[in-house]
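Enquirer: Just one file: upload-v9.pdb, with PDB, C-alpha atoms.
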ATOM      1  CA  SER A   1     -10.778  -8.360  -2.039  1.00  0.00           C
ATOM      2  CA  ALA A   2     -13.650  -9.837  -0.012  1.00  0.00           C
ATOM      3  CA  ALA A   3     -12.688 -13.386  -0.983  1.00  0.00           C
ATOM      4  CA  THR A   4      -9.058 -12.715  -0.090  1.00  0.00           C
ATOM      5  CA  ILE A   5     -10.062 -11.370   3.322  1.00  0.00           C
ATOM      6  CA  VAL A   6     -12.194 -14.462   3.977  1.00  0.00           C
ATOM      7  CA  GLY A   7      -9.261 -16.628   2.907  1.00  0.00           C
ATOM      8  CA  GLY A   8      -6.979 -14.789   5.311  1.00  0.00           C
ATOM      9  CA  LEU A   9      -9.387 -15.132   8.229  1.00  0.00           C
ATOM     10  CA  ARG A  10      -9.873 -18.840   7.559  1.00  0.00           C
ATOM     11  CA  ASP A  11      -6.215 -19.490   6.676  1.00  0.00           C
ATOM     12  CA  ASP A  12      -7.476 -20.841   3.332  1.00  0.00           C
ATOM     13  CA  GLU A  13      -4.407 -20.656   1.114  1.00  0.00           C
ATOM     14  CA  LYS A  14      -6.154 -22.039  -1.978  1.00  0.00           C
ATOM     15  CA  LEU A  15      -8.822 -19.337  -1.860  1.00  0.00           C
ATOM     16  CA  GLN A  16      -6.158 -16.664  -1.469  1.00  0.00           C
ATOM     17  CA  GLN A  17      -4.177 -18.075  -4.387  1.00  0.00           C
ATOM     18  CA  ILE A  18      -7.224 -17.583  -6.601  1.00  0.00           C
ATOM     19  CA  ALA A  19      -8.496 -14.275  -5.242  1.00  0.00           C
ATOM     20  CA  LYS A  20      -5.523 -12.253  -4.040  1.00  0.00           C
ATOM     21  CA  PRO A  21      -3.834 -11.764  -7.438  1.00  0.00           C
ATOM     22  CA  LEU A  22      -7.110 -10.232  -8.644  1.00  0.00           C
ATOM     23  CA  ILE A  23      -7.130  -7.338  -6.169  1.00  0.00           C
ATOM     24  CA  GLY A  24      -5.115  -5.104  -8.467  1.00  0.00           C
ATOM     25  CA  THR A  25      -6.812  -6.186 -11.692  1.00  0.00           C
ATOM     26  CA  PRO A  26      -9.877  -3.900 -11.595  1.00  0.00           C
ATOM     27  CA  LEU A  27      -7.655  -0.997 -10.560  1.00  0.00           C
ATOM     28  CA  ALA A  28      -5.388  -1.648 -13.560  1.00  0.00           C
ATOM     29  CA  VAL A  29      -8.453  -1.790 -15.812  1.00  0.00           C
ATOM     30  CA  ARG A  30      -9.577   1.500 -14.329  1.00  0.00           C
ATOM     31  CA  VAL A  31      -6.175   3.033 -15.106  1.00  0.00           C
ATOM     32  CA  LEU A  32      -6.328   1.773 -18.700  1.00  0.00           C
ATOM     33  CA  ARG A  33      -9.847   3.111 -19.193  1.00  0.00           C
ATOM     34  CA  ARG A  34      -8.687   6.524 -17.997  1.00  0.00           C
ATOM     35  CA  ALA A  35      -5.488   6.475 -20.092  1.00  0.00           C
ATOM     36  CA  ARG A  36      -6.765   8.995 -22.644  1.00  0.00           C
ATOM     37  CA  ASP A  37      -7.319  11.540 -19.880  1.00  0.00           C
ATOM     38  CA  THR A  38      -4.102  10.796 -17.995  1.00  0.00           C
ATOM     39  CA  ASP A  39      -0.485  11.746 -18.577  1.00  0.00           C
ATOM     40  CA  ARG A  40       1.245   8.830 -20.321  1.00  0.00           C
ATOM     41  CA  LEU A  41       4.120   8.543 -17.877  1.00  0.00           C
ATOM     42  CA  ASP A  42       1.735   8.627 -14.930  1.00  0.00           C
ATOM     43  CA  THR A  43      -0.333   5.867 -16.557  1.00  0.00           C
ATOM     44  CA  ALA A  44       2.831   3.803 -16.968  1.00  0.00           C
ATOM     45  CA  LEU A  45       3.833   4.419 -13.349  1.00  0.00           C
ATOM     46  CA  LEU A  46       0.431   3.325 -12.049  1.00  0.00           C
ATOM     47  CA  LEU A  47       0.410   0.172 -14.180  1.00  0.00           C
ATOM     48  CA  ALA A  48       3.976  -0.691 -13.173  1.00  0.00           C
ATOM     49  CA  GLY A  49       3.083  -0.164  -9.529  1.00  0.00           C
ATOM     50  CA  LEU A  50       0.006  -2.364  -9.741  1.00  0.00           C
ATOM     51  CA  ALA A  51       1.913  -5.102 -11.607  1.00  0.00           C
ATOM     52  CA  ALA A  52       4.597  -5.094  -8.909  1.00  0.00           C
ATOM     53  CA  ALA A  53       1.914  -5.111  -6.194  1.00  0.00           C
ATOM     54  CA  THR A  54       0.238  -8.132  -7.803  1.00  0.00           C
ATOM     55  CA  ALA A  55       3.535 -10.013  -7.747  1.00  0.00           C
ATOM     56  CA  GLY A  56       3.925  -9.000  -4.113  1.00  0.00           C
ATOM     57  CA  ASP A  57       0.405 -10.189  -3.344  1.00  0.00           C
ATOM     58  CA  VAL A  58       1.292 -13.665  -4.616  1.00  0.00           C
ATOM     59  CA  PHE A  59       4.470 -13.860  -2.528  1.00  0.00           C
ATOM     60  CA  MET A  60       2.708 -12.550   0.584  1.00  0.00           C
ATOM     61  CA  ILE A  61       0.119 -15.339   0.621  1.00  0.00           C
ATOM     62  CA  ARG A  62       2.665 -17.185   2.772  1.00  0.00           C
ATOM     63  CA  SER A  63       4.192 -14.221   4.567  1.00  0.00           C
ATOM     64  CA  ASP A  64       5.436 -16.382   7.464  1.00  0.00           C
ATOM     65  CA  ASP A  65       8.041 -17.786   5.051  1.00  0.00           C
ATOM     66  CA  ASP A  66      10.993 -15.371   5.251  1.00  0.00           C
ATOM     67  CA  ARG A  67      12.032 -15.882   1.624  1.00  0.00           C
ATOM     68  CA  ARG A  68       8.539 -15.164   0.330  1.00  0.00           C
ATOM     69  CA  LEU A  69       8.204 -12.216   2.688  1.00  0.00           C
ATOM     70  CA  LEU A  70      11.402 -10.663   1.337  1.00  0.00           C
ATOM     71  CA  ARG A  71      10.334 -11.259  -2.261  1.00  0.00           C
ATOM     72  CA  GLY A  72       7.002  -9.668  -1.467  1.00  0.00           C
ATOM     73  CA  ALA A  73       8.703  -6.675   0.139  1.00  0.00           C
ATOM     74  CA  SER A  74      10.970  -6.300  -2.912  1.00  0.00           C
ATOM     75  CA  SER A  75       7.933  -6.285  -5.210  1.00  0.00           C
ATOM     76  CA  PHE A  76       6.117  -3.741  -3.086  1.00  0.00           C
ATOM     77  CA  ALA A  77       9.280  -1.616  -2.984  1.00  0.00           C
ATOM     78  CA  VAL A  78       8.966  -1.250  -6.763  1.00  0.00           C
ATOM     79  CA  MET A  79       5.326  -0.244  -6.303  1.00  0.00           C
ATOM     80  CA  GLN A  80       6.190   2.339  -3.636  1.00  0.00           C
ATOM     81  CA  ALA A  81       8.897   3.813  -5.871  1.00  0.00           C
ATOM     82  CA  ALA A  82       6.424   4.124  -8.762  1.00  0.00           C
ATOM     83  CA  TYR A  83       3.772   5.743  -6.575  1.00  0.00           C
ATOM     84  CA  SER A  84       6.269   8.162  -5.001  1.00  0.00           C
ATOM     85  CA  THR A  85       7.544   9.188  -8.431  1.00  0.00           C
ATOM     86  CA  LEU A  86       4.013   9.996  -9.592  1.00  0.00           C
ATOM     87  CA  LEU A  87       3.276  11.998  -6.452  1.00  0.00           C
ATOM     88  CA  VAL A  88       6.469  14.043  -6.852  1.00  0.00           C
ATOM     89  CA  ARG A  89       5.573  14.678 -10.490  1.00  0.00           C
ATOM     90  CA  ARG A  90       2.210  16.016  -9.304  1.00  0.00           C
ATOM     91  CA  GLY A  91       3.908  18.441  -6.925  1.00  0.00           C
ATOM     92  CA  ALA A  92       3.973  16.545  -3.614  1.00  0.00           C
ATOM     93  CA  ARG A  93       6.758  17.449  -1.205  1.00  0.00           C
ATOM     94  CA  PRO A  94       7.559  16.101   2.281  1.00  0.00           C
ATOM     95  CA  SER A  95       6.288  17.951   5.337  1.00  0.00           C
ATOM     96  CA  PRO A  96       8.645  17.942   8.373  1.00  0.00           C
ATOM     97  CA  SER A  97       5.837  17.041  10.796  1.00  0.00           C
ATOM     98  CA  VAL A  98       4.670  14.117   8.681  1.00  0.00           C
ATOM     99  CA  VAL A  99       8.264  12.968   8.095  1.00  0.00           C
ATOM    100  CA  ALA A 100       8.748  12.819  11.873  1.00  0.00           C
ATOM    101  CA  GLN A 101       5.609  10.699  12.304  1.00  0.00           C
ATOM    102  CA  ARG A 102       6.554   8.269   9.546  1.00  0.00           C
ATOM    103  CA  ALA A 103      10.163   8.046  10.741  1.00  0.00           C
ATOM    104  CA  ALA A 104       8.943   7.094  14.216  1.00  0.00           C
ATOM    105  CA  ALA A 105       6.828   4.307  12.711  1.00  0.00           C
ATOM    106  CA  VAL A 106       9.773   2.980  10.668  1.00  0.00           C
ATOM    107  CA  LEU A 107      12.128   3.056  13.652  1.00  0.00           C
ATOM    108  CA  GLY A 108       9.556   1.309  15.859  1.00  0.00           C
ATOM    109  CA  ALA A 109       9.072  -1.477  13.329  1.00  0.00           C
ATOM    110  CA  ALA A 110      12.831  -1.771  12.825  1.00  0.00           C
ATOM    111  CA  GLY A 111      13.335  -2.159  16.566  1.00  0.00           C
ATOM    112  CA  LEU A 112      10.740  -4.926  16.817  1.00  0.00           C
ATOM    113  CA  LEU A 113      12.168  -6.774  13.832  1.00  0.00           C
ATOM    114  CA  GLY A 114      15.710  -6.405  15.096  1.00  0.00           C
ATOM    115  CA  ALA A 115      14.732  -7.930  18.431  1.00  0.00           C
ATOM    116  CA  LYS A 116      12.382 -10.655  17.218  1.00  0.00           C
ATOM    117  CA  ASN A 117      13.251 -11.401  13.593  1.00  0.00           C
ATOM    118  CA  PRO A 118      16.769 -10.068  12.867  1.00  0.00           C
ATOM    119  CA  SER A 119      17.229 -12.111   9.671  1.00  0.00           C
ATOM    120  CA  VAL A 120      14.742  -9.896   7.823  1.00  0.00           C
ATOM    121  CA  ALA A 121      15.135  -6.665   9.793  1.00  0.00           C
ATOM    122  CA  ALA A 122      17.474  -4.805   7.431  1.00  0.00           C
ATOM    123  CA  PRO A 123      15.643  -5.398   4.119  1.00  0.00           C
ATOM    124  CA  LEU A 124      12.219  -4.791   5.678  1.00  0.00           C
ATOM    125  CA  THR A 125      13.452  -1.559   7.235  1.00  0.00           C
ATOM    126  CA  GLY A 126      14.603  -0.495   3.771  1.00  0.00           C
ATOM    127  CA  TYR A 127      11.173  -1.281   2.395  1.00  0.00           C
ATOM    128  CA  GLY A 128       9.565   0.556   5.302  1.00  0.00           C
ATOM    129  CA  THR A 129      11.541   3.660   4.374  1.00  0.00           C
ATOM    130  CA  LEU A 130      10.106   3.547   0.840  1.00  0.00           C
ATOM    131  CA  LEU A 131       6.603   3.072   2.230  1.00  0.00           C
ATOM    132  CA  ALA A 132       7.118   6.020   4.576  1.00  0.00           C
ATOM    133  CA  THR A 133       8.222   8.118   1.604  1.00  0.00           C
ATOM    134  CA  THR A 134       5.033   7.340  -0.323  1.00  0.00           C
ATOM    135  CA  ALA A 135       2.848   7.957   2.731  1.00  0.00           C
ATOM    136  CA  THR A 136       4.612  11.257   3.469  1.00  0.00           C
ATOM    137  CA  LEU A 137       4.230  12.539  -0.086  1.00  0.00           C
ATOM    138  CA  ALA A 138       0.599  11.392  -0.261  1.00  0.00           C
ATOM    139  CA  ALA A 139      -0.163  13.464   2.848  1.00  0.00           C
ATOM    140  CA  ASP A 140       1.004  16.751   1.322  1.00  0.00           C
ATOM    141  CA  PRO A 141      -1.959  19.175   1.528  1.00  0.00           C
ATOM    142  CA  ALA A 142      -0.576  21.036  -1.496  1.00  0.00           C
ATOM    143  CA  LEU A 143      -1.971  18.223  -3.665  1.00  0.00           C
ATOM    144  CA  VAL A 144      -5.493  19.413  -2.795  1.00  0.00           C
ATOM    145  CA  PRO A 145      -5.565  23.183  -2.343  1.00  0.00           C
ATOM    146  CA  GLY A 146      -8.232  24.201   0.139  1.00  0.00           C
ATOM    147  CA  ALA A 147      -8.906  20.684   1.385  1.00  0.00           C
ATOM    148  CA  ARG A 148     -10.128  20.256   4.952  1.00  0.00           C
ATOM    149  CA  GLN A 149      -7.493  19.040   7.407  1.00  0.00           C
ATOM    150  CA  VAL A 150      -7.559  17.450  10.848  1.00  0.00           C
ATOM    151  CA  ALA A 151      -4.272  17.297  12.777  1.00  0.00           C
ATOM    152  CA  ARG A 152      -2.465  18.291   9.552  1.00  0.00           C
ATOM    153  CA  MET A 153      -4.053  15.319   7.778  1.00  0.00           C
ATOM    154  CA  VAL A 154      -6.115  15.850   4.613  1.00  0.00           C
ATOM    155  CA  VAL A 155      -9.665  14.603   5.171  1.00  0.00           C
ATOM    156  CA  PRO A 156     -10.974  12.521   2.244  1.00  0.00           C
ATOM    157  CA  GLY A 157     -13.940  14.076   0.501  1.00  0.00           C
ATOM    158  CA  ALA A 158     -15.746  14.181  -2.817  1.00  0.00           C
ATOM    159  CA  ASP A 159     -12.574  15.394  -4.543  1.00  0.00           C
ATOM    160  CA  ARG A 160     -10.611  12.206  -5.084  1.00  0.00           C
ATOM    161  CA  ARG A 161      -7.333  14.087  -4.994  1.00  0.00           C
ATOM    162  CA  SER A 162      -7.881  14.088  -1.230  1.00  0.00           C
ATOM    163  CA  TRP A 163      -7.857  10.288  -1.008  1.00  0.00           C
ATOM    164  CA  PRO A 164      -4.111   9.460  -1.168  1.00  0.00           C
ATOM    165  CA  ALA A 165      -3.405  10.893   2.297  1.00  0.00           C
ATOM    166  CA  LEU A 166      -5.630   8.341   4.012  1.00  0.00           C
ATOM    167  CA  GLY A 167      -4.503   5.678   1.537  1.00  0.00           C
ATOM    168  CA  GLY A 168      -0.872   6.150   2.532  1.00  0.00           C
ATOM    169  CA  LEU A 169      -1.795   6.008   6.213  1.00  0.00           C
ATOM    170  CA  ALA A 170      -3.864   2.835   5.674  1.00  0.00           C
ATOM    171  CA  PHE A 171      -0.918   1.214   3.866  1.00  0.00           C
ATOM    172  CA  THR A 172       1.345   2.093   6.785  1.00  0.00           C
ATOM    173  CA  VAL A 173      -1.110   0.602   9.279  1.00  0.00           C
ATOM    174  CA  SER A 174      -1.499  -2.534   7.147  1.00  0.00           C
ATOM    175  CA  ASP A 175       2.228  -3.202   6.861  1.00  0.00           C
ATOM    176  CA  GLY A 176       2.772  -2.287  10.495  1.00  0.00           C
ATOM    177  CA  THR A 177       0.242  -4.947  11.464  1.00  0.00           C
ATOM    178  CA  ILE A 178       2.228  -7.507   9.456  1.00  0.00           C
ATOM    179  CA  VAL A 179       5.244  -6.710  11.636  1.00  0.00           C
ATOM    180  CA  LEU A 180       3.201  -6.982  14.843  1.00  0.00           C
ATOM    181  CA  ARG A 181       1.680 -10.274  13.689  1.00  0.00           C
ATOM    182  CA  ARG A 182       5.118 -11.761  12.991  1.00  0.00           C
ATOM    183  CA  THR A 183       6.838 -10.513  16.121  1.00  0.00           C
ATOM    184  CA  LEU A 184       4.260 -10.415  18.914  1.00  0.00           C
ATOM    185  CA  LEU A 185       1.162 -12.502  18.159  1.00  0.00           C
ATOM    186  CA  LYS A 186       1.230 -16.207  19.019  1.00  0.00           C
ATOM    187  CA  ASN A 187      -2.442 -17.071  19.472  1.00  0.00           C
ATOM    188  CA  GLU A 188      -3.858 -18.462  16.211  1.00  0.00           C
ATOM    189  CA  THR A 189      -7.176 -16.636  16.567  1.00  0.00           C
ATOM    190  CA  ALA A 190      -5.390 -13.334  17.092  1.00  0.00           C
ATOM    191  CA  ARG A 191      -3.083 -14.025  14.141  1.00  0.00           C
ATOM    192  CA  ALA A 192      -6.043 -14.795  11.876  1.00  0.00           C
ATOM    193  CA  ALA A 193      -7.823 -11.605  12.957  1.00  0.00           C
ATOM    194  CA  ALA A 194      -4.645  -9.609  12.329  1.00  0.00           C
ATOM    195  CA  GLU A 195      -4.329 -11.134   8.854  1.00  0.00           C
ATOM    196  CA  GLY A 196      -7.901 -10.112   8.071  1.00  0.00           C
ATOM    197  CA  PHE A 197      -7.172  -6.574   9.259  1.00  0.00           C
ATOM    198  CA  VAL A 198      -4.019  -6.454   7.129  1.00  0.00           C
ATOM    199  CA  LEU A 199      -6.007  -7.391   4.031  1.00  0.00           C
ATOM    200  CA  VAL A 200      -8.879  -4.968   4.710  1.00  0.00           C
ATOM    201  CA  THR A 201      -6.545  -2.006   5.198  1.00  0.00           C
ATOM    202  CA  TYR A 202      -4.378  -3.033   2.236  1.00  0.00           C
ATOM    203  CA  ALA A 203      -7.315  -3.240  -0.190  1.00  0.00           C
ATOM    204  CA  ALA A 204      -8.650   0.109   1.029  1.00  0.00           C
ATOM    205  CA  ALA A 205      -5.205   1.679   0.718  1.00  0.00           C
ATOM    206  CA  GLN A 206      -4.762   0.553  -2.871  1.00  0.00           C
ATOM    207  CA  LEU A 207      -8.195   1.853  -3.839  1.00  0.00           C
ATOM    208  CA  MET A 208      -7.632   5.263  -2.255  1.00  0.00           C
ATOM    209  CA  LEU A 209      -4.113   5.664  -3.593  1.00  0.00           C
ATOM    210  CA  VAL A 210      -4.866   4.623  -7.174  1.00  0.00           C
ATOM    211  CA  GLU A 211      -8.119   6.543  -7.485  1.00  0.00           C
ATOM    212  CA  GLY A 212      -6.515   9.581  -5.890  1.00  0.00           C
ATOM    213  CA  MET A 213      -3.467   9.490  -8.126  1.00  0.00           C
ATOM    214  CA  LEU A 214      -5.658   9.070 -11.210  1.00  0.00           C
ATOM    215  CA  ALA A 215      -7.429  12.272 -10.205  1.00  0.00           C
ATOM    216  CA  LEU A 216      -4.102  14.031  -9.651  1.00  0.00           C
ATOM    217  CA  ALA A 217      -2.721  12.873 -13.008  1.00  0.00           C
ATOM    218  CA  ARG A 218      -5.749  13.896 -15.028  1.00  0.00           C
ATOM    219  CA  ARG A 219      -4.930  16.195 -17.918  1.00  0.00           C
ATOM    220  CA  ASP A 220      -6.404  19.669 -17.736  1.00  0.00           C
TER     221      ASP A 220
END
Any chance you could give the structure as structure tokens?
Expert:
Amino acid sequence: SAATIVGGLRDDEKLQQIAKPLIGTPLAVRVLRRARDTDRLDTALLLAGLAAATAGDVFMIRSDDDRRLLRGASSFAVMQAAYSTLLVRRGARPSPSVVAQRAAAVLGAAGLLGAKNPSVAAPLTGYGTLLATTATLAADPALVPGARQVARMVVPGADRRSWPALGGLAFTVSDGTIVLRRTLLKNETARAAAEGFVLVTYAAAQLMLVEGMLALARRD
């Protein structure tokens, strides 16, 4: 993750080609090591999600290329579907207040893309809806009974079941920054900084989501 972030800040495509596909690898190893303590279907969902995310990582190395961006979004759509399925299986349900927040984010991004990059607006809005679904489900306080909340948001703590809420939010911020970088930022320094921020929040999101869902899927 650190090498990928450096590659993004320096616009070093070769470094990213080596490092970025490895972001999901230790998480997949972690899932496999925990397989004996985890529901089999949930293990399969996590591995499928991480495999799809790794494919998306490769495509997104050149996210300014519309074709690669759309392939990356398609790969991450598979990941979001896998993560959402696991969360529903663990009892997560959408909260109206969180749905409203996520819907506003999707509509805002759709508006920017429609105005600045209409050729990719429709498919990316579809992907954004899947991301919003995962983030909404991950924020359900029912996943962590008794967890501390701030503004109806579960606060991450020692219990890793509390991590997905912030992970889903970090993923939303990361992908939202991709949209802002494509539509509004022209200065190369600002674009490089935005790319670094995208990668930092993405790596953190994956860690929090996967570790949190492993805790949720653990057999009693």
Enquirer: Sorted by chain and rising residue number, list the residues of range 62-102 of chain A at most 9 Å from range 135-157 of chain A (counting all atoms listed in the file), each with its closest atom pair and distance in Å to one decimal, as a tab-separated table.
Expert:
residue	atom	partner	partner_atom	distance
A:Ser84	CA	A:Leu137	CA	6.9
A:Leu87	CA	A:Leu137	CA	6.5
A:Val88	CA	A:Leu137	CA	7.3
A:Arg90	CA	A:Leu143	CA	7.4
A:Gly91	CA	A:Leu143	CA	6.7
A:Ala92	CA	A:Leu137	CA	5.3
A:Arg93	CA	A:Leu137	CA	5.6
A:Pro94	CA	A:Leu137	CA	5.4
A:Ser95	CA	A:Asp140	CA	6.7
A:Ser97	CA	A:Arg152	CA	8.5
A:Val98	CA	A:Thr136	CA	5.9
A:Val99	CA	A:Thr136	CA	6.1
A:Gln101	CA	A:Thr136	CA	8.9
A:Arg102	CA	A:Thr136	CA	7.0
Enquirer: Excluding same-chain residues fewer than 5 positions from Ala82 in chain A, what lies within 7 Å of it counting all atoms listed in the file, as a short mmCIF file (atom, residue, chain, number, x, y, z; two decimals) with C-alpha atoms, in the coordinates of the input?
Expert:
data_model
loop_
_atom_site.label_atom_id
_atom_site.label_comp_id
_atom_site.auth_asym_id
_atom_site.auth_seq_id
_atom_site.Cartn_x
_atom_site.Cartn_y
_atom_site.Cartn_z
CA LEU A 45 3.83 4.42 -13.35
CA LEU A 46 0.43 3.32 -12.05
CA ALA A 48 3.98 -0.69 -13.17
CA GLY A 49 3.08 -0.16 -9.53
#
Enquirer: I need the residue nearest Leu124 in chain A from this list: A:Gln80, A:Thr85, A:Thr4, A:Ser74. Use only C-alpha atoms for the distance.
Expert: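 Checking each candidate against Leu124 in chain A, we get A:Ser74 as the closest.
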Enquirer: Quick one: everything within 10 Å of Leu112 in chain A, counting all atoms listed in the file, minus sequence neighbours fewer than 2 positions away in the same chain. Send it as a PyMOL selection string.
Expert: chain A and resi 107-110+114-118+121+179-180+182-184
Enquirer: Hey, which of A:Ala19, A:Ala104, A:Leu185, A:Leu27 ends up closest to Met208 in chain A? Count only C-alpha atoms.
Expert: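 The shortest atom-to-atom distance to Met208 in chain A comes from A:Leu27.
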Enquirer: A:Ala100, A:Ala165, A:Ile61, A:Ala35: which is nearest Arg219 in chain A, counting all atoms listed in the file?
Expert: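 Distance minimum relative to Arg219 in chain A lands on A:Ala35.
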Enquirer: Set the distance at 9 Å and use all atoms listed in the file: which residues neighbour Ala217 in chain A once local chain neighbours fewer than 2 positions away are removed? I'd like the list as a VMD selection string.
Expert: chain A and resid 37 to 39 42 to 43 86 to 87 89 to 90 212 to 215 219
Enquirer: Provide the CA of Asp12 in chain A to CA of Asp64 in chain A distance in Å, to one decimal place.
Expert: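 According to the coordinates, CA of Asp12 in chain A and CA of Asp64 in chain A are separated by 14.3 Å.
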Enquirer: Suppose you want the space between CA of Arg161 in chain A and CA of Arg30 in chain A; what is it in Å?
Expert: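 Calculated distance between CA of Arg161 in chain A and CA of Arg30 in chain A is 15.8 Å.
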Enquirer: Taking into account only C-alpha atoms, which residue in the set A:Ala28, A:Leu207, A:Ala77, A:Leu169 is nearest to Gly126 in chain A?
Expert: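 Between A:Ala28, A:Leu207, A:Ala77, A:Leu169, the residue approaching Gly126 in chain A most closely is A:Ala77.
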Enquirer: For the file shown, what are the residues hit by the PyMOL selection byres ((chain A and resi 203) around 12), laid out as an MDAnalysis selection string?
Expert: chainID A and resid 1:5 20:27 53:54 57 167:168 170:171 173:175 196:202 204:210
Enquirer: As an exercise, work out the distance from CA of Gly128 in chain A to CA of Leu216 in chain A in Å and give it to one decimal place.
Expert: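 CA of Gly128 in chain A sits 24.3 Å away from CA of Leu216 in chain A.
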Enquirer: Counting only C-alpha atoms, find the residues whose atoms lie at most 7 Å from (4.6, -6.0, -8.1) (file coordinates) and write them out as a list in words.
Expert: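 So the residues meeting the distance criterion are Gly49, Leu50, Ala51, Ala52, Ala53, Thr54, Ala55, Gly56, Ser75, Phe76, Val78 and Met79 of chain A.
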Enquirer: Restricting the calculation to all atoms listed in the file, which member of A:Thr189, A:Thr172, A:Gln17, A:Thr125 is positioned closest to Met60 in chain A?
Expert: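 Of all the options, A:Gln17 lies closest to Met60 in chain A.
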Enquirer: Choose the residue, out of A:Gly176, A:Ala190, A:Leu131, A:Glu211, that has the smallest atom-to-atom separation from Asp159 in chain A; count only C-alpha atoms.
Expert: A:Glu211
Enquirer: Just need the box for range 123-130 of chain A, edges along x, y and z, holding every atom the file lists for it with 3 Å tacked onto each side, so centre and edge lengths in Å to one decimal, as lines of an AutoDock Vina configuration file.
Expert:
center_x = 12.6
center_y = -0.9
center_z = 4.0
size_x = 12.1
size_y = 15.1
size_z = 12.4
Enquirer: Restrict the output to range 83-96 of chain A and N, CA, C and O atoms, then write it as a PDB file, in the first residue's frame.
Expert:
ATOM      1  N   TYR A  83     -19.458  -7.857  -1.017  1.00  0.00           N
ATOM      2  CA  TYR A  83     -19.433  -7.308   0.336  1.00  0.00           C
ATOM      3  C   TYR A  83     -20.851  -7.057   0.854  1.00  0.00           C
ATOM      4  O   TYR A  83     -21.163  -7.349   2.019  1.00  0.00           O
ATOM      5  N   SER A  84     -21.718  -6.505   0.009  1.00  0.00           N
ATOM      6  CA  SER A  84     -23.094  -6.233   0.430  1.00  0.00           C
ATOM      7  C   SER A  84     -23.822  -7.526   0.781  1.00  0.00           C
ATOM      8  O   SER A  84     -24.588  -7.579   1.762  1.00  0.00           O
ATOM      9  N   THR A  85     -23.596  -8.564  -0.016  1.00  0.00           N
ATOM     10  CA  THR A  85     -24.235  -9.854   0.258  1.00  0.00           C
ATOM     11  C   THR A  85     -23.820 -10.386   1.621  1.00  0.00           C
ATOM     12  O   THR A  85     -24.652 -10.863   2.409  1.00  0.00           O
ATOM     13  N   LEU A  86     -22.528 -10.297   1.930  1.00  0.00           N
ATOM     14  CA  LEU A  86     -22.053 -10.769   3.236  1.00  0.00           C
ATOM     15  C   LEU A  86     -22.692  -9.953   4.364  1.00  0.00           C
ATOM     16  O   LEU A  86     -23.132 -10.522   5.373  1.00  0.00           O
ATOM     17  N   LEU A  87     -22.738  -8.656   4.199  1.00  0.00           N
ATOM     18  CA  LEU A  87     -23.301  -7.804   5.253  1.00  0.00           C
ATOM     19  C   LEU A  87     -24.782  -8.114   5.493  1.00  0.00           C
ATOM     20  O   LEU A  87     -25.237  -8.162   6.640  1.00  0.00           O
ATOM     21  N   VAL A  88     -25.531  -8.345   4.421  1.00  0.00           N
ATOM     22  CA  VAL A  88     -26.941  -8.708   4.569  1.00  0.00           C
ATOM     23  C   VAL A  88     -27.064 -10.052   5.285  1.00  0.00           C
ATOM     24  O   VAL A  88     -27.911 -10.240   6.166  1.00  0.00           O
ATOM     25  N   ARG A  89     -26.200 -10.985   4.921  1.00  0.00           N
ATOM     26  CA  ARG A  89     -26.214 -12.296   5.586  1.00  0.00           C
ATOM     27  C   ARG A  89     -25.934 -12.172   7.085  1.00  0.00           C
ATOM     28  O   ARG A  89     -26.407 -12.985   7.878  1.00  0.00           O
ATOM     29  N   ARG A  90     -25.159 -11.158   7.451  1.00  0.00           N
ATOM     30  CA  ARG A  90     -24.836 -10.958   8.875  1.00  0.00           C
ATOM     31  C   ARG A  90     -25.862 -10.085   9.585  1.00  0.00           C
ATOM     32  O   ARG A  90     -25.679  -9.710  10.738  1.00  0.00           O
ATOM     33  N   GLY A  91     -26.945  -9.731   8.887  1.00  0.00           N
ATOM     34  CA  GLY A  91     -28.032  -9.014   9.530  1.00  0.00           C
ATOM     35  C   GLY A  91     -28.104  -7.525   9.276  1.00  0.00           C
ATOM     36  O   GLY A  91     -28.960  -6.832   9.845  1.00  0.00           O
ATOM     37  N   ALA A  92     -27.248  -6.977   8.430  1.00  0.00           N
ATOM     38  CA  ALA A  92     -27.262  -5.540   8.152  1.00  0.00           C
ATOM     39  C   ALA A  92     -28.493  -5.161   7.333  1.00  0.00           C
ATOM     40  O   ALA A  92     -28.877  -5.876   6.397  1.00  0.00           O
ATOM     41  N   ARG A  93     -29.084  -4.028   7.684  1.00  0.00           N
ATOM     42  CA  ARG A  93     -30.228  -3.503   6.953  1.00  0.00           C
ATOM     43  C   ARG A  93     -30.044  -1.992   6.785  1.00  0.00           C
ATOM     44  O   ARG A  93     -29.418  -1.339   7.614  1.00  0.00           O
ATOM     45  N   PRO A  94     -30.580  -1.420   5.713  1.00  0.00           N
ATOM     46  CA  PRO A  94     -30.385   0.019   5.477  1.00  0.00           C
ATOM     47  C   PRO A  94     -31.141   0.884   6.466  1.00  0.00           C
ATOM     48  O   PRO A  94     -32.278   0.576   6.839  1.00  0.00           O
ATOM     49  N   SER A  95     -30.502   1.974   6.876  1.00  0.00           N
ATOM     50  CA  SER A  95     -31.132   2.964   7.746  1.00  0.00           C
ATOM     51  C   SER A  95     -31.553   4.153   6.882  1.00  0.00           C
ATOM     52  O   SER A  95     -30.763   4.629   6.058  1.00  0.00           O
ATOM     53  N   PRO A  96     -32.789   4.643   7.024  1.00  0.00           N
ATOM     54  CA  PRO A  96     -33.258   5.757   6.182  1.00  0.00           C
ATOM     55  C   PRO A  96     -32.333   6.975   6.208  1.00  0.00           C
ATOM     56  O   PRO A  96     -32.084   7.599   5.179  1.00  0.00           O
TER      57      PRO A  96
END
